[in-house]
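Dumped coords14.pdb below, it's PDB, C-alpha atoms:
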```
ATOM      1  CA  MET M   1      43.865-143.634  -3.658
ATOM      2  CA  GLY M   2      47.439-143.439  -2.350
ATOM      3  CA  ASN M   3      48.803-143.487   1.137
ATOM      4  CA  PHE M   4      48.600-139.945   2.527
ATOM      5  CA  SER M   5      49.880-138.583   5.799
ATOM      6  CA  THR M   6      49.421-135.167   7.342
ATOM      7  CA  GLY M   7      50.921-133.098  10.089
ATOM      8  CA  ILE M   8      49.845-129.779  11.550
ATOM      9  CA  ASP M   9      51.430-127.458  14.071
ATOM     10  CA  ILE M  10      50.689-124.072  15.582
ATOM     11  CA  VAL M  11      53.213-121.779  17.266
ATOM     12  CA  SER M  12      52.466-118.834  19.528
ATOM     13  CA  LEU M  13      54.367-115.785  18.284
ATOM     14  CA  LYS M  14      54.853-114.540  21.867
ATOM     15  CA  ARG M  15      56.351-117.867  22.944
ATOM     16  CA  ALA M  16      58.473-117.992  19.788
ATOM     17  CA  GLU M  17      59.872-114.542  20.471
ATOM     18  CA  ARG M  18      61.249-115.751  23.824
ATOM     19  CA  SER M  19      62.703-118.972  22.353
ATOM     20  CA  PHE M  20      64.227-117.318  19.303
ATOM     21  CA  SER M  21      66.137-114.810  21.420
ATOM     22  CA  ASN M  22      68.376-117.761  22.434
ATOM     23  CA  ALA M  23      71.154-117.975  19.798
ATOM     24  CA  ARG M  24      72.053-121.540  20.759
ATOM     25  CA  PHE M  25      68.466-122.677  20.247
ATOM     26  CA  LEU M  26      68.310-120.875  16.885
ATOM     27  CA  ARG M  27      71.468-122.589  15.617
ATOM     28  CA  SER M  28      70.237-126.008  16.770
ATOM     29  CA  VAL M  29      66.901-125.752  14.909
ATOM     30  CA  PHE M  30      67.437-123.523  11.868
ATOM     31  CA  THR M  31      69.908-123.573   8.994
ATOM     32  CA  ASP M  32      72.164-120.596   8.320
ATOM     33  CA  CYS M  33      70.018-119.744   5.264
ATOM     34  CA  GLU M  34      66.824-119.767   7.341
ATOM     35  CA  ILE M  35      68.352-117.543  10.016
ATOM     36  CA  LYS M  36      69.811-115.117   7.467
ATOM     37  CA  ARG M  37      66.517-114.830   5.605
ATOM     38  CA  ALA M  38      64.494-114.397   8.806
ATOM     39  CA  PHE M  39      66.683-111.564  10.037
ATOM     40  CA  SER M  40      66.305-109.788   6.697
ATOM     41  CA  MET M  41      62.560-109.549   7.443
ATOM     42  CA  ARG M  42      60.863-106.767   9.380
ATOM     43  CA  VAL M  43      59.630-109.232  12.051
ATOM     44  CA  PRO M  44      62.117-112.150  12.162
ATOM     45  CA  GLU M  45      60.254-113.963  14.943
ATOM     46  CA  ARG M  46      57.121-114.289  12.801
ATOM     47  CA  HIS M  47      59.118-115.800   9.954
ATOM     48  CA  LEU M  48      60.963-118.197  12.278
ATOM     49  CA  ALA M  49      57.723-119.242  13.986
ATOM     50  CA  GLY M  50      56.272-120.281  10.634
ATOM     51  CA  ARG M  51      59.394-122.264   9.779
ATOM     52  CA  PHE M  52      59.404-123.924  13.203
ATOM     53  CA  ALA M  53      55.728-124.890  12.828
ATOM     54  CA  ALA M  54      56.498-126.314   9.365
ATOM     55  CA  LYS M  55      59.353-128.444  10.691
ATOM     56  CA  GLU M  56      57.185-129.779  13.522
ATOM     57  CA  ALA M  57      54.312-130.490  11.117
ATOM     58  CA  PHE M  58      56.692-132.386   8.819
ATOM     59  CA  VAL M  59      57.913-134.550  11.713
ATOM     60  CA  LYS M  60      54.297-135.304  12.627
ATOM     61  CA  ALA M  61      53.453-136.164   9.013
ATOM     62  CA  ILE M  62      56.288-138.701   8.758
ATOM     63  CA  SER M  63      55.245-140.121  12.148
ATOM     64  CA  LYS M  64      58.803-139.962  13.420
ATOM     65  CA  GLY M  65      59.821-138.030  16.478
ATOM     66  CA  VAL M  66      62.978-136.031  16.913
ATOM     67  CA  LEU M  67      64.191-138.892  19.117
ATOM     68  CA  SER M  68      64.169-141.178  16.047
ATOM     69  CA  GLY M  69      67.166-139.359  14.582
ATOM     70  CA  VAL M  70      65.320-136.724  12.549
ATOM     71  CA  ARG M  71      66.845-133.375  13.431
ATOM     72  CA  LEU M  72      64.848-130.199  12.839
ATOM     73  CA  LYS M  73      67.947-128.584  11.340
ATOM     74  CA  ASP M  74      67.909-131.296   8.610
ATOM     75  CA  ILE M  75      64.551-129.908   7.469
ATOM     76  CA  GLU M  76      65.002-126.559   5.723
ATOM     77  CA  ILE M  77      61.994-124.488   4.717
ATOM     78  CA  THR M  78      62.489-122.742   1.388
ATOM     79  CA  ALA M  79      60.480-120.220  -0.583
ATOM     80  CA  MET M  80      61.031-118.112  -3.637
ATOM     81  CA  ARG M  81      59.708-114.562  -3.446
ATOM     82  CA  GLY M  82      56.035-114.808  -4.285
ATOM     83  CA  GLY M  83      56.214-118.602  -4.551
ATOM     84  CA  PRO M  84      54.927-121.336  -2.290
ATOM     85  CA  PRO M  85      57.019-122.608   0.617
ATOM     86  CA  GLY M  86      58.705-125.960   0.272
ATOM     87  CA  PHE M  87      61.306-128.248   1.799
ATOM     88  CA  LYS M  88      64.989-128.892   1.303
ATOM     89  CA  LEU M  89      65.551-132.142   3.185
ATOM     90  CA  GLY M  90      68.747-133.660   4.519
ATOM     91  CA  LYS M  91      69.507-137.345   3.980
ATOM     92  CA  GLY M  92      67.623-138.589   7.060
ATOM     93  CA  PRO M  93      64.254-136.931   6.514
ATOM     94  CA  GLY M  94      64.678-137.025   2.734
ATOM     95  CA  SER M  95      64.991-140.809   2.742
ATOM     96  CA  LEU M  96      61.724-141.088   4.672
ATOM     97  CA  VAL M  97      59.737-139.369   1.900
ATOM     98  CA  ALA M  98      61.705-140.469  -1.176
ATOM     99  CA  GLY M  99      59.437-140.690  -4.212
ATOM    100  CA  ARG M 100      56.503-139.031  -2.439
ATOM    101  CA  ASP M 101      54.995-135.581  -2.953
ATOM    102  CA  VAL M 102      55.421-133.247   0.014
ATOM    103  CA  HIS M 103      53.230-130.140   0.268
ATOM    104  CA  LEU M 104      53.389-127.300   2.795
ATOM    105  CA  SER M 105      50.937-124.548   3.632
ATOM    106  CA  LEU M 106      51.752-121.749   6.084
ATOM    107  CA  SER M 107      49.301-119.253   7.574
ATOM    108  CA  TYR M 108      49.642-116.496  10.114
ATOM    109  CA  THR M 109      47.433-114.535  12.452
ATOM    110  CA  SER M 110      48.581-111.677  14.647
ATOM    111  CA  ASP M 111      49.241-114.219  17.428
ATOM    112  CA  PHE M 112      50.056-117.537  15.741
ATOM    113  CA  ALA M 113      51.898-119.273  12.895
ATOM    114  CA  ILE M 114      50.235-122.400  11.545
ATOM    115  CA  ALA M 115      51.705-125.048   9.234
ATOM    116  CA  LEU M 116      50.079-127.969   7.453
ATOM    117  CA  VAL M 117      52.095-130.693   5.723
ATOM    118  CA  VAL M 118      50.558-133.276   3.387
ATOM    119  CA  ILE M 119      52.666-136.180   2.128
ATOM    120  CA  GLY M 120      51.220-138.278  -0.670
TER     121      GLY M 120
END
```
Taking this structure as input, can you express it in the form of structure tokens?
Amino acid sequence: MGNFSTGIDIVSLKRAERSFSNARFLRSVFTDCEIKRAFSMRVPERHLAGRFAAKEAFVKAISKGVLSGVRLKDIEITAMRGGPPGFKLGKGPGSLVAGRDVHLSLSYTSDFAIALVVIG
């Protein structure tokens, strides 16, 4: 059996709504593609909360904090319509998982966004 690592995060949609109203915060955490896609949705805050939870779960799974040089903006959450979510990683986080499988699951309730990352 290989070396697996996991990370999980949960984000309150009410708290996210307050944070995501700050344009400076948005630009520091999300890529232009993520912001554009979120604001094409009926409830952008829900979409952004899921992406934020996924980024935090990824950082937990690689056991590196943001202080170690991994920037949340270097972790882009992607998804094709009807397809599973995935990652587009910048050089820093990408080098930490090179050659490994990275899986992401996102779930939502009316109050929370939850993300689980498994790296194998």
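Using all atoms listed in the file, the smallest distance between any of M:Ile35, M:Ile8, M:Val43, M:Asn22 and Ile119 in chain M comes from M:Ile8.
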- request: Between M:Arg27, M:Arg37, M:Arg100, M:Arg15, single out the one closest to Arg71 in chain M, counting all atoms listed in the file.
  value: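 Closest candidate: M:Arg27.
Of note, CA of His103 in chain M and CA of Ile10 in chain M are spaced 16.7 Å apart.
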query: Between M:Ala38, M:Ile77, M:Leu96, M:Leu106, which has the minimum distance to Phe20 in chain M (counting only C-alpha atoms)?
result: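 Nearest candidate to Phe20 in chain M out of M:Ala38, M:Ile77, M:Leu96, M:Leu106: M:Ala38.
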Output of the PyMOL selection byres ((chain M and resi 87) around 7), listed as a PyMOL selection string: chain M and resi 75-78+86+88-89
Restricting it to C-alpha atoms, dump the selection as a PDB file, in the coordinates of the input.
```pdb
ATOM      1  CA  ILE M  75      64.551-129.908   7.469  1.00  0.00           C
ATOM      2  CA  GLU M  76      65.002-126.559   5.723  1.00  0.00           C
ATOM      3  CA  ILE M  77      61.994-124.488   4.717  1.00  0.00           C
ATOM      4  CA  THR M  78      62.489-122.742   1.388  1.00  0.00           C
ATOM      5  CA  GLY M  86      58.705-125.960   0.272  1.00  0.00           C
ATOM      6  CA  LYS M  88      64.989-128.892   1.303  1.00  0.00           C
ATOM      7  CA  LEU M  89      65.551-132.142   3.185  1.00  0.00           C
TER       8      LEU M  89
END
```
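The gap separating CA of Arg24 in chain M from CA of Glu45 in chain M is 15.2 Å, in Å to one decimal.
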Centre and edges of the range 39-53 of chain M box, axis-aligned, 5 Å extra per side, as JSON:
```
{"center_x": 61.2, "center_y": -115.8, "center_z": 10.8, "size_x": 21.0, "size_y": 28.1, "size_z": 18.2}
```
message: Restricting the calculation to only C-alpha atoms: of M:Gly120, M:Pro44, M:Gly7, M:Gly50, which residue gets closest to Gly99 in chain M?
response: M:Gly120
- request: Choose the residue, out of M:Ser12, M:Ser19, M:Ser5, M:Ser28, that has the smallest atom-to-atom separation from Ile62 in chain M; count all atoms listed in the file.
  value: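 Of the candidates, the smallest distance to Ile62 in chain M is held by M:Ser5.
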Can you put N, CA and C atoms back into range 86-100 of chain M and show it as a short mmCIF file (atom, residue, chain, number, x, y, z; two decimals), in the frame of the given file?
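Dumped everything to part16.cif:
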```cif
data_model
loop_
_atom_site.label_atom_id
_atom_site.label_comp_id
_atom_site.auth_asym_id
_atom_site.auth_seq_id
_atom_site.Cartn_x
_atom_site.Cartn_y
_atom_site.Cartn_z
N GLY M 86 58.41 -124.56 0.53
CA GLY M 86 58.70 -125.96 0.27
C GLY M 86 59.78 -126.45 1.22
N PHE M 87 60.31 -127.62 0.93
CA PHE M 87 61.31 -128.25 1.80
C PHE M 87 62.59 -128.53 1.04
N LYS M 88 63.69 -128.39 1.72
CA LYS M 88 64.99 -128.89 1.30
C LYS M 88 65.39 -129.84 2.43
N LEU M 89 65.39 -131.14 2.13
CA LEU M 89 65.55 -132.14 3.18
C LEU M 89 66.94 -132.76 3.18
N GLY M 90 67.49 -132.94 4.37
CA GLY M 90 68.75 -133.66 4.52
C GLY M 90 68.51 -135.14 4.26
N LYS M 91 69.59 -135.92 4.30
CA LYS M 91 69.51 -137.34 3.98
C LYS M 91 68.51 -138.10 4.86
N GLY M 92 68.53 -137.86 6.15
CA GLY M 92 67.62 -138.59 7.06
C GLY M 92 66.16 -138.38 6.72
N PRO M 93 65.67 -137.14 6.83
CA PRO M 93 64.25 -136.93 6.51
C PRO M 93 63.94 -137.14 5.04
N GLY M 94 64.89 -136.83 4.17
CA GLY M 94 64.68 -137.02 2.73
C GLY M 94 64.44 -138.48 2.38
N SER M 95 65.16 -139.38 3.04
CA SER M 95 64.99 -140.81 2.74
C SER M 95 63.62 -141.32 3.19
N LEU M 96 63.03 -140.65 4.16
CA LEU M 96 61.72 -141.09 4.67
C LEU M 96 60.56 -140.72 3.74
N VAL M 97 60.80 -139.78 2.82
CA VAL M 97 59.74 -139.37 1.90
C VAL M 97 60.15 -139.52 0.44
N ALA M 98 61.20 -140.28 0.19
CA ALA M 98 61.70 -140.47 -1.18
C ALA M 98 60.59 -140.97 -2.09
N GLY M 99 60.43 -140.30 -3.23
CA GLY M 99 59.44 -140.69 -4.21
C GLY M 99 58.02 -140.24 -3.89
N ARG M 100 57.84 -139.49 -2.81
CA ARG M 100 56.50 -139.03 -2.44
C ARG M 100 56.41 -137.52 -2.63
#
```
